[in-house]
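Undergrad: Pasting a structure below so you can have a look.
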Amino acid sequence: MRVGSDFDKMEFSWFGLDLLEPNSLLTNSLITLTALIFFSLVIRKFPLNKAFYNYWKWLFLLQGISFFTGGLGHVLYNYTGVWGKFVPMVFATGMIMFAEHAMLTLIPKGKQNLFMTISKVKAATAIVILLILMLRMDVENNLEKLLLVPSLNSTIGYFATLFFLGWRYGKRVSKALYLLPISVLVLIPAAIFQMKKINIHPWFDRNDVGHLLIIITLFLYYFAIKGYHRDTEDAA
């Protein structure tokens, strides 16, 4: 176990390519597979003509794409450099926006347009800042500063919507929505592992811990949606 610093990146060769971090490729792929399974379940089981379910559909799809490209960014780092990390950050920003939009469909109609617009502006601002930093900063040696942008964007979005609105409408509409605040709390240990650089093993580093916790949140999202659908259909 190592705290405060990272293990050297594991290297391997395949088809003549010099590749890195097979562990990150594995856990990113697990997230992608899980997200796409839930994407297909949402399409098959819930009415997509209702915005709440439609936005969750897009969240699962973009989460799958984000972590698929993220896994490639890790393993192909010798070839893509930091741009291989920029692409999944853009998809992740869209994913967070759709999480916000899904929860905002629960608030009164009169306020929805305003907060939806704020959500879109926040996402666009995050992407613009990321791009400016990519072009103007020595990102290679300041990667953690770049990661502050998506981290801050997701923290604001998740606490304002999944946590606060999940708690509020868990009381009012469906207790299943309480799973969404829990999903936010589940990610707190991931942030601690990242900030403190807690690495258990070269094959299971701080990123892998976060990835497994993200898989747990995907299950919580799906069961929150499923429970909400059951409760609202019963009420109807």
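Every chain in the structure tokens has a letter given in the order shown (A, B, ...), and although residue numbers restart at 1 in each chain, ligands are simply numbered from 1 in the order shown.
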What are the DSSP alpha helix (DSSP H) residues of range 46-157 of chain A, as JSON, numbers by chain?
TA: {"A": [51, 52, 53, 54, 55, 56, 57, 58, 59, 60, 61, 62, 63, 64, 65, 66, 67, 68, 69, 70, 71, 72, 73, 74, 75, 77, 78, 79, 80, 83, 84, 85, 86, 87, 88, 89, 90, 91, 92, 93, 94, 95, 96, 97, 98, 99, 100, 101, 102, 103, 104, 109, 110, 111, 112, 113, 114, 115, 116, 117, 118, 119, 120, 121, 122, 123, 124, 125, 126, 127, 128, 129, 130, 131, 132, 133, 134, 135, 136, 143, 144, 145, 146, 147, 148, 149, 150, 151, 152, 153, 154, 155, 156, 157]}
Undergrad: Those same residues - C-alpha atoms - I'd like them written as a compact mmCIF listing (two decimals), in the first residue's frame.
TA:
# COMPACT_ATOMS: atom_id res chain seq x y z
CA ALA A 51 -38.40 13.66 -19.69
CA PHE A 52 -37.32 12.19 -16.35
CA TYR A 53 -36.60 8.76 -17.87
CA ASN A 54 -35.29 10.16 -21.14
CA TYR A 55 -32.61 12.19 -19.37
CA TRP A 56 -31.55 9.15 -17.34
CA LYS A 57 -31.23 7.22 -20.58
CA TRP A 58 -28.75 9.80 -21.85
CA LEU A 59 -26.87 9.81 -18.57
CA PHE A 60 -26.24 6.07 -18.74
CA LEU A 61 -25.19 6.29 -22.39
CA LEU A 62 -22.77 9.17 -21.86
CA GLN A 63 -21.37 7.57 -18.73
CA GLY A 64 -20.61 4.47 -20.76
CA ILE A 65 -18.96 6.49 -23.53
CA SER A 66 -17.05 8.65 -21.05
CA PHE A 67 -15.47 5.70 -19.28
CA PHE A 68 -14.86 3.78 -22.49
CA THR A 69 -12.86 6.72 -23.87
CA GLY A 70 -11.34 7.19 -20.42
CA GLY A 71 -10.03 3.63 -20.45
CA LEU A 72 -8.52 4.23 -23.88
CA GLY A 73 -6.99 7.45 -22.59
CA HIS A 74 -5.22 5.52 -19.85
CA VAL A 75 -4.00 2.61 -21.93
CA TYR A 77 -1.45 7.58 -22.97
CA ASN A 78 1.91 7.17 -24.73
CA TYR A 79 0.13 8.06 -27.98
CA THR A 80 -2.77 10.35 -27.04
CA TRP A 83 -5.89 14.85 -25.00
CA GLY A 84 -6.90 11.27 -24.29
CA LYS A 85 -8.10 12.50 -20.91
CA PHE A 86 -9.78 15.65 -22.26
CA VAL A 87 -12.29 13.74 -24.43
CA PRO A 88 -13.80 11.66 -21.57
CA MET A 89 -14.00 14.82 -19.46
CA VAL A 90 -16.20 16.41 -22.12
CA PHE A 91 -18.51 13.38 -22.19
CA ALA A 92 -18.58 13.34 -18.37
CA THR A 93 -19.64 16.99 -18.36
CA GLY A 94 -22.59 16.10 -20.57
CA MET A 95 -23.40 13.15 -18.34
CA ILE A 96 -23.56 15.38 -15.27
CA MET A 97 -25.76 17.86 -17.13
CA PHE A 98 -28.25 15.09 -17.93
CA ALA A 99 -28.28 14.01 -14.27
CA GLU A 100 -29.13 17.60 -13.36
CA HIS A 101 -31.80 17.79 -16.06
CA ALA A 102 -33.40 14.53 -14.93
CA MET A 103 -33.78 15.80 -11.39
CA LEU A 104 -34.92 19.25 -12.50
CA LYS A 109 -42.78 23.76 -14.28
CA GLY A 110 -42.39 27.50 -13.79
CA LYS A 111 -38.84 27.11 -12.49
CA GLN A 112 -37.65 24.35 -14.79
CA ASN A 113 -36.59 26.45 -17.77
CA LEU A 114 -34.44 28.77 -15.64
CA PHE A 115 -32.59 25.97 -13.87
CA MET A 116 -32.23 23.93 -17.06
CA THR A 117 -30.58 26.95 -18.66
CA ILE A 118 -28.26 27.38 -15.68
CA SER A 119 -27.32 23.70 -15.98
CA LYS A 120 -26.50 24.09 -19.69
CA VAL A 121 -24.46 27.24 -19.09
CA LYS A 122 -22.54 25.50 -16.29
CA ALA A 123 -21.72 22.57 -18.58
CA ALA A 124 -20.64 24.83 -21.45
CA THR A 125 -18.51 26.92 -19.09
CA ALA A 126 -16.76 23.82 -17.75
CA ILE A 127 -15.93 22.63 -21.28
CA VAL A 128 -14.64 26.06 -22.33
CA ILE A 129 -12.44 26.29 -19.23
CA LEU A 130 -11.10 22.79 -19.89
CA LEU A 131 -10.26 23.70 -23.47
CA ILE A 132 -8.53 26.94 -22.46
CA LEU A 133 -6.44 25.09 -19.88
CA MET A 134 -5.56 22.40 -22.43
CA LEU A 135 -4.33 25.03 -24.88
CA ARG A 136 -2.62 27.44 -22.51
CA LEU A 143 -2.95 17.26 -14.66
CA GLU A 144 -4.40 17.52 -11.17
CA LYS A 145 -5.22 21.20 -11.76
CA LEU A 146 -7.07 20.24 -14.93
CA LEU A 147 -9.03 17.59 -13.02
CA LEU A 148 -10.27 20.25 -10.61
CA VAL A 149 -12.64 21.52 -13.31
CA PRO A 150 -14.70 18.32 -13.79
CA SER A 151 -14.44 17.60 -10.06
CA LEU A 152 -15.92 20.97 -9.14
CA ASN A 153 -18.56 20.72 -11.87
CA SER A 154 -19.70 17.29 -10.71
CA THR A 155 -19.64 18.22 -7.01
CA ILE A 156 -21.88 21.25 -7.57
CA GLY A 157 -24.22 19.35 -9.89
Undergrad: Contacts of Gln194 in chain A at 10 Å or less, counting only C-alpha atoms, minus same-chain residues fewer than 5 places along, as a list of chain:residue names?
TA: A:Gly4, A:Glu144, A:Ile188, A:Pro189, A:Asn199, A:Asp205, A:Arg206, A:Asn207, A:Val209, A:Gly210
Undergrad: For the residues selected in the previous step, produce a file with all heavy atoms as a PDB file, in the first residue's frame.
TA:
ATOM      1  N   GLY A   4       0.114   8.993  -0.465  1.00  0.00           N
ATOM      2  CA  GLY A   4       0.802  10.241  -0.760  1.00  0.00           C
ATOM      3  C   GLY A   4       1.535  10.260  -2.082  1.00  0.00           C
ATOM      4  O   GLY A   4       1.998  11.312  -2.526  1.00  0.00           O
ATOM      5  N   GLU A 144      -3.479  17.426 -12.291  1.00  0.00           N
ATOM      6  CA  GLU A 144      -4.399  17.516 -11.165  1.00  0.00           C
ATOM      7  C   GLU A 144      -5.154  18.848 -11.163  1.00  0.00           C
ATOM      8  O   GLU A 144      -6.312  18.909 -10.737  1.00  0.00           O
ATOM      9  CB  GLU A 144      -3.649  17.319  -9.849  1.00  0.00           C
ATOM     10  CG  GLU A 144      -3.136  15.888  -9.681  1.00  0.00           C
ATOM     11  CD  GLU A 144      -2.540  15.634  -8.324  1.00  0.00           C
ATOM     12  OE1 GLU A 144      -2.486  16.579  -7.503  1.00  0.00           O
ATOM     13  OE2 GLU A 144      -2.126  14.479  -8.070  1.00  0.00           O
ATOM     14  N   ILE A 188     -17.904   9.917  -1.872  1.00  0.00           N
ATOM     15  CA  ILE A 188     -16.998  10.683  -1.013  1.00  0.00           C
ATOM     16  C   ILE A 188     -15.697   9.927  -0.730  1.00  0.00           C
ATOM     17  O   ILE A 188     -14.605  10.517  -0.807  1.00  0.00           O
ATOM     18  CB  ILE A 188     -17.706  11.095   0.289  1.00  0.00           C
ATOM     19  CG1 ILE A 188     -18.794  12.137  -0.035  1.00  0.00           C
ATOM     20  CG2 ILE A 188     -16.704  11.650   1.307  1.00  0.00           C
ATOM     21  CD1 ILE A 188     -19.609  12.577   1.157  1.00  0.00           C
ATOM     22  N   PRO A 189     -15.730   8.624  -0.415  1.00  0.00           N
ATOM     23  CA  PRO A 189     -14.459   7.907  -0.228  1.00  0.00           C
ATOM     24  C   PRO A 189     -13.564   7.956  -1.463  1.00  0.00           C
ATOM     25  O   PRO A 189     -12.334   8.002  -1.335  1.00  0.00           O
ATOM     26  CB  PRO A 189     -14.899   6.469   0.073  1.00  0.00           C
ATOM     27  CG  PRO A 189     -16.270   6.605   0.633  1.00  0.00           C
ATOM     28  CD  PRO A 189     -16.886   7.766  -0.092  1.00  0.00           C
ATOM     29  N   ASN A 199      -3.195   4.394  -2.544  1.00  0.00           N
ATOM     30  CA  ASN A 199      -3.124   3.330  -3.544  1.00  0.00           C
ATOM     31  C   ASN A 199      -2.882   2.001  -2.839  1.00  0.00           C
ATOM     32  O   ASN A 199      -1.868   1.832  -2.150  1.00  0.00           O
ATOM     33  CB  ASN A 199      -1.989   3.606  -4.531  1.00  0.00           C
ATOM     34  CG  ASN A 199      -2.237   4.862  -5.347  1.00  0.00           C
ATOM     35  OD1 ASN A 199      -3.021   4.874  -6.277  1.00  0.00           O
ATOM     36  ND2 ASN A 199      -1.569   5.951  -4.961  1.00  0.00           N
ATOM     37  N   ASP A 205      -5.387   0.666  -7.782  1.00  0.00           N
ATOM     38  CA  ASP A 205      -4.950   1.963  -7.279  1.00  0.00           C
ATOM     39  C   ASP A 205      -6.140   2.861  -6.958  1.00  0.00           C
ATOM     40  O   ASP A 205      -7.291   2.419  -6.953  1.00  0.00           O
ATOM     41  CB  ASP A 205      -4.000   2.629  -8.277  1.00  0.00           C
ATOM     42  CG  ASP A 205      -4.649   2.910  -9.631  1.00  0.00           C
ATOM     43  OD1 ASP A 205      -5.900   2.911  -9.719  1.00  0.00           O
ATOM     44  OD2 ASP A 205      -3.905   3.131 -10.603  1.00  0.00           O
ATOM     45  N   ARG A 206      -5.858   4.139  -6.696  1.00  0.00           N
ATOM     46  CA  ARG A 206      -6.922   5.062  -6.271  1.00  0.00           C
ATOM     47  C   ARG A 206      -7.995   5.225  -7.347  1.00  0.00           C
ATOM     48  O   ARG A 206      -9.174   5.394  -7.030  1.00  0.00           O
ATOM     49  CB  ARG A 206      -6.321   6.414  -5.900  1.00  0.00           C
ATOM     50  CG  ARG A 206      -5.471   7.069  -6.989  1.00  0.00           C
ATOM     51  CD  ARG A 206      -4.832   8.344  -6.473  1.00  0.00           C
ATOM     52  NE  ARG A 206      -3.850   8.889  -7.402  1.00  0.00           N
ATOM     53  CZ  ARG A 206      -3.819  10.166  -7.776  1.00  0.00           C
ATOM     54  NH1 ARG A 206      -4.705  11.021  -7.302  1.00  0.00           N
ATOM     55  NH2 ARG A 206      -2.876  10.600  -8.596  1.00  0.00           N
ATOM     56  N   ASN A 207      -7.612   5.162  -8.604  1.00  0.00           N
ATOM     57  CA  ASN A 207      -8.604   5.254  -9.671  1.00  0.00           C
ATOM     58  C   ASN A 207      -9.537   4.051  -9.670  1.00  0.00           C
ATOM     59  O   ASN A 207     -10.744   4.185  -9.881  1.00  0.00           O
ATOM     60  CB  ASN A 207      -7.912   5.361 -11.029  1.00  0.00           C
ATOM     61  CG  ASN A 207      -7.184   6.671 -11.203  1.00  0.00           C
ATOM     62  OD1 ASN A 207      -7.669   7.727 -10.800  1.00  0.00           O
ATOM     63  ND2 ASN A 207      -6.001   6.628 -11.793  1.00  0.00           N
ATOM     64  N   VAL A 209     -10.387   2.196  -7.129  1.00  0.00           N
ATOM     65  CA  VAL A 209     -11.328   2.318  -6.005  1.00  0.00           C
ATOM     66  C   VAL A 209     -12.509   3.185  -6.424  1.00  0.00           C
ATOM     67  O   VAL A 209     -13.676   2.837  -6.226  1.00  0.00           O
ATOM     68  CB  VAL A 209     -10.631   2.921  -4.767  1.00  0.00           C
ATOM     69  CG1 VAL A 209     -11.653   3.252  -3.677  1.00  0.00           C
ATOM     70  CG2 VAL A 209      -9.581   1.966  -4.227  1.00  0.00           C
ATOM     71  N   GLY A 210     -12.194   4.349  -7.019  1.00  0.00           N
ATOM     72  CA  GLY A 210     -13.243   5.234  -7.483  1.00  0.00           C
ATOM     73  C   GLY A 210     -14.139   4.582  -8.518  1.00  0.00           C
ATOM     74  O   GLY A 210     -15.369   4.747  -8.503  1.00  0.00           O
TER      75      GLY A 210
END
Undergrad: Give me, as a list of chain:residue names, the residues of range 131-218 of chain A that a backbone DSSP run labels strand (DSSP E or B).
TA: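 Put together, the selection reads A:Ile198, A:Asn199, A:His201, A:Phe204.
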Undergrad: Measure the distance from CA of Asp8 in chain A to CA of Asp208 in chain A in Å and round it to one decimal.
TA: 14.7 Å
Undergrad: Rank nothing, just name the residue among A:Trp14, A:Phe159, A:Phe39, A:Tyr228 nearest to Leu76 in chain A, using only C-alpha atoms.
TA: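 Smallest distance to Leu76 in chain A is found for A:Trp14.
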